[in-house]
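Novice: My structure is below; once you've seen it, I'll send some questions.
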Amino acid sequence: MTAPGLTAAGDRVRLPAYDAVMVPLIDALAVAYAEDPVTVGHLLAGHAARVLRLDYAEFAESVPEYERSIRAAEADGTRAALCAELSDEVTRDPLLTADAAVTLATRLTRLAAHIRHTRKATP
């Protein structure tokens, strides 16, 4: 995992997930698609439709809250179905040893303290 750092503006801590999470996930999705393009293709298309419906519901003022919740649940369901097609190694949370966790926490604390001490407090 790449070490955490500050954003270009220096007002947020960036926790890189690309190498540790995204690369294996994209690779596993590509392999799953190559092995069963019809099933995975249908799952991807169904998930895309539900994500777009949820996106619309989140920004449309006329959509009631219960419908937003339903659309979010539908998107969660199709996301879970896609994850079921992937290997366990890429769908579980990354695990850190105790030393790696302490190192990460120390870096995050140092970066957050830097932001806090160099920026004005916001109300």
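In the structure tokens, each chain is lettered A, B, ... as it comes, each chain's residues begin at 1, and ligands are numbered from 1 in order of appearance.
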Please list as a PDB file with N, CA and C atoms, in the first residue's frame every residue within 10 Å of segment 109-122 of chain A, counting only C-alpha atoms and excluding residues in the same chain fewer than 2 positions away.
Specialist:
```
ATOM      1  N   PRO A   4       0.030   7.125   3.021  1.00  0.00           N
ATOM      2  CA  PRO A   4      -0.903   8.251   2.965  1.00  0.00           C
ATOM      3  C   PRO A   4      -0.135   9.547   2.744  1.00  0.00           C
ATOM      4  N   GLY A   5      -0.829  10.523   2.171  1.00  0.00           N
ATOM      5  CA  GLY A   5      -0.218  11.831   1.932  1.00  0.00           C
ATOM      6  C   GLY A   5      -1.280  12.904   1.934  1.00  0.00           C
ATOM      7  N   LEU A   6      -0.831  14.133   1.765  1.00  0.00           N
ATOM      8  CA  LEU A   6      -1.764  15.256   1.703  1.00  0.00           C
ATOM      9  C   LEU A   6      -2.230  15.472   0.270  1.00  0.00           C
ATOM     10  N   GLY A  10      -3.550  20.511   0.281  1.00  0.00           N
ATOM     11  CA  GLY A  10      -3.041  20.399   1.628  1.00  0.00           C
ATOM     12  C   GLY A  10      -4.103  20.446   2.712  1.00  0.00           C
ATOM     13  N   ASP A  11      -5.359  20.235   2.326  1.00  0.00           N
ATOM     14  CA  ASP A  11      -6.438  20.342   3.307  1.00  0.00           C
ATOM     15  C   ASP A  11      -7.096  19.010   3.640  1.00  0.00           C
ATOM     16  N   ARG A  12      -6.618  17.934   3.048  1.00  0.00           N
ATOM     17  CA  ARG A  12      -7.176  16.617   3.299  1.00  0.00           C
ATOM     18  C   ARG A  12      -6.043  15.583   3.262  1.00  0.00           C
ATOM     19  N   VAL A  13      -6.286  14.457   3.925  1.00  0.00           N
ATOM     20  CA  VAL A  13      -5.342  13.345   3.885  1.00  0.00           C
ATOM     21  C   VAL A  13      -5.819  12.366   2.827  1.00  0.00           C
ATOM     22  N   ARG A  14      -4.923  11.990   1.945  1.00  0.00           N
ATOM     23  CA  ARG A  14      -5.237  11.017   0.897  1.00  0.00           C
ATOM     24  C   ARG A  14      -4.761   9.645   1.364  1.00  0.00           C
ATOM     25  N   THR A 103       1.876   1.778  12.159  1.00  0.00           N
ATOM     26  CA  THR A 103       2.558   2.668  11.215  1.00  0.00           C
ATOM     27  C   THR A 103       1.560   3.520  10.455  1.00  0.00           C
ATOM     28  N   LEU A 104       0.502   2.912   9.967  1.00  0.00           N
ATOM     29  CA  LEU A 104      -0.525   3.649   9.240  1.00  0.00           C
ATOM     30  C   LEU A 104      -1.189   4.693  10.140  1.00  0.00           C
ATOM     31  N   ALA A 105      -1.544   4.298  11.359  1.00  0.00           N
ATOM     32  CA  ALA A 105      -2.179   5.235  12.293  1.00  0.00           C
ATOM     33  C   ALA A 105      -1.257   6.395  12.612  1.00  0.00           C
ATOM     34  N   THR A 106       0.029   6.130  12.768  1.00  0.00           N
ATOM     35  CA  THR A 106       0.992   7.188  13.066  1.00  0.00           C
ATOM     36  C   THR A 106       1.089   8.163  11.897  1.00  0.00           C
ATOM     37  N   ARG A 107       1.153   7.644  10.686  1.00  0.00           N
ATOM     38  CA  ARG A 107       1.231   8.516   9.508  1.00  0.00           C
ATOM     39  C   ARG A 107      -0.027   9.358   9.368  1.00  0.00           C
TER      40      ARG A 107
END
```
Novice: Which residues are near Leu95 of chain A? Cut-off 12 Å, only C-alpha atoms, ignore same chain within fewer than 5 positions. Put them as a list of chain:residue names.
Specialist: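 Neighbouring residues, sequence-local ones excluded: A:Met1, A:Ala20, A:Val21, A:Glu89, A:Val90, A:Ala100, A:Ala101.
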Novice: I'd like the contact shell of segment 64-69 of chain A - 12 Å cut-off, only C-alpha atoms, skipping same-chain residues fewer than 4 positions apart - returned as a ChimeraX atom specification.
Specialist: /A:50-60,73-76
Novice: Within chain A, find each residue whose DSSP state, derived from the backbone, is helix (DSSP H, G or I), and express the selection as a ChimeraX atom specification.
Specialist: /A:18-35,37-59,65-84,88-91,98-118
Novice: For Ala34 of chain A, which residue among A:Leu86, A:Leu108, A:Ser62, A:Arg92 is the nearest when counting only C-alpha atoms?
Specialist: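 Of A:Leu86, A:Leu108, A:Ser62, A:Arg92, the one nearest Ala34 of chain A is A:Leu86, counting only C-alpha atoms.
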Novice: Please return as a list in words: the residues of chain A that backbone DSSP assigns to strand (DSSP E or B).
Specialist: Gly5, Leu6, Val13 and Arg14 of chain A
Novice: Using only C-alpha atoms, which protein or nucleic acid residues come within 12 Å of Ile26 of chain A? Drop anything in the same chain fewer than 4 positions from it, and give the result as a CSV table (one decimal) with N, CA, C and O atoms, in the first residue's frame.
Specialist:
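The resulting file, around_11.csv, is reproduced below:
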```csv
chain,number,residue,atom,x,y,z
A,18,TYR,N,-5.7,2.5,-4.5
A,18,TYR,CA,-5.5,1.9,-5.9
A,18,TYR,C,-4.8,0.6,-5.9
A,18,TYR,O,-5.3,-0.4,-6.3
A,19,ASP,N,-3.6,0.6,-5.4
A,19,ASP,CA,-2.7,-0.6,-5.4
A,19,ASP,C,-3.3,-1.8,-4.6
A,19,ASP,O,-3.3,-2.9,-5.0
A,20,ALA,N,-3.8,-1.4,-3.4
A,20,ALA,CA,-4.2,-2.4,-2.5
A,20,ALA,C,-5.6,-3.0,-2.7
A,20,ALA,O,-5.9,-4.1,-2.5
A,21,VAL,N,-6.5,-2.1,-3.3
A,21,VAL,CA,-7.8,-2.5,-3.4
A,21,VAL,C,-8.3,-2.6,-4.9
A,21,VAL,O,-8.8,-3.6,-5.4
A,22,MET,N,-8.0,-1.5,-5.6
A,22,MET,CA,-8.6,-1.4,-7.0
A,22,MET,C,-8.0,-2.3,-8.0
A,22,MET,O,-8.7,-2.9,-8.8
A,30,ALA,N,-12.3,-8.6,-14.3
A,30,ALA,CA,-12.0,-8.9,-15.7
A,30,ALA,C,-11.9,-10.5,-15.9
A,30,ALA,O,-12.4,-11.0,-16.9
A,31,VAL,N,-11.3,-11.2,-15.0
A,31,VAL,CA,-11.3,-12.6,-15.1
A,31,VAL,C,-12.7,-13.2,-15.0
A,31,VAL,O,-13.0,-14.1,-15.8
A,32,ALA,N,-13.5,-12.7,-14.1
A,32,ALA,CA,-14.9,-13.2,-14.0
A,32,ALA,C,-15.6,-13.0,-15.3
A,32,ALA,O,-16.4,-13.9,-15.7
A,33,TYR,N,-15.5,-11.9,-15.9
A,33,TYR,CA,-16.1,-11.6,-17.1
A,33,TYR,C,-15.7,-12.5,-18.2
A,33,TYR,O,-16.5,-13.0,-19.0
A,82,LEU,N,-22.5,-9.0,-7.8
A,82,LEU,CA,-21.3,-8.9,-8.5
A,82,LEU,C,-20.1,-9.4,-7.7
A,82,LEU,O,-19.3,-10.2,-8.1
A,83,CYS,N,-20.1,-9.0,-6.4
A,83,CYS,CA,-19.0,-9.5,-5.5
A,83,CYS,C,-19.0,-11.0,-5.3
A,83,CYS,O,-18.0,-11.6,-5.2
A,86,LEU,N,-16.8,-12.8,-7.7
A,86,LEU,CA,-15.4,-12.5,-7.5
A,86,LEU,C,-14.8,-13.4,-6.4
A,86,LEU,O,-15.5,-13.9,-5.6
A,87,SER,N,-13.5,-13.6,-6.5
A,87,SER,CA,-12.8,-14.4,-5.5
A,87,SER,C,-12.8,-13.7,-4.1
A,87,SER,O,-12.9,-12.5,-4.0
A,90,VAL,N,-10.3,-10.7,-3.0
A,90,VAL,CA,-10.5,-9.3,-3.4
A,90,VAL,C,-11.8,-8.7,-2.8
A,90,VAL,O,-12.0,-7.5,-2.9
A,91,THR,N,-12.7,-9.5,-2.2
A,91,THR,CA,-13.9,-8.9,-1.7
A,91,THR,C,-13.9,-8.7,-0.2
A,91,THR,O,-14.8,-8.2,0.4
```
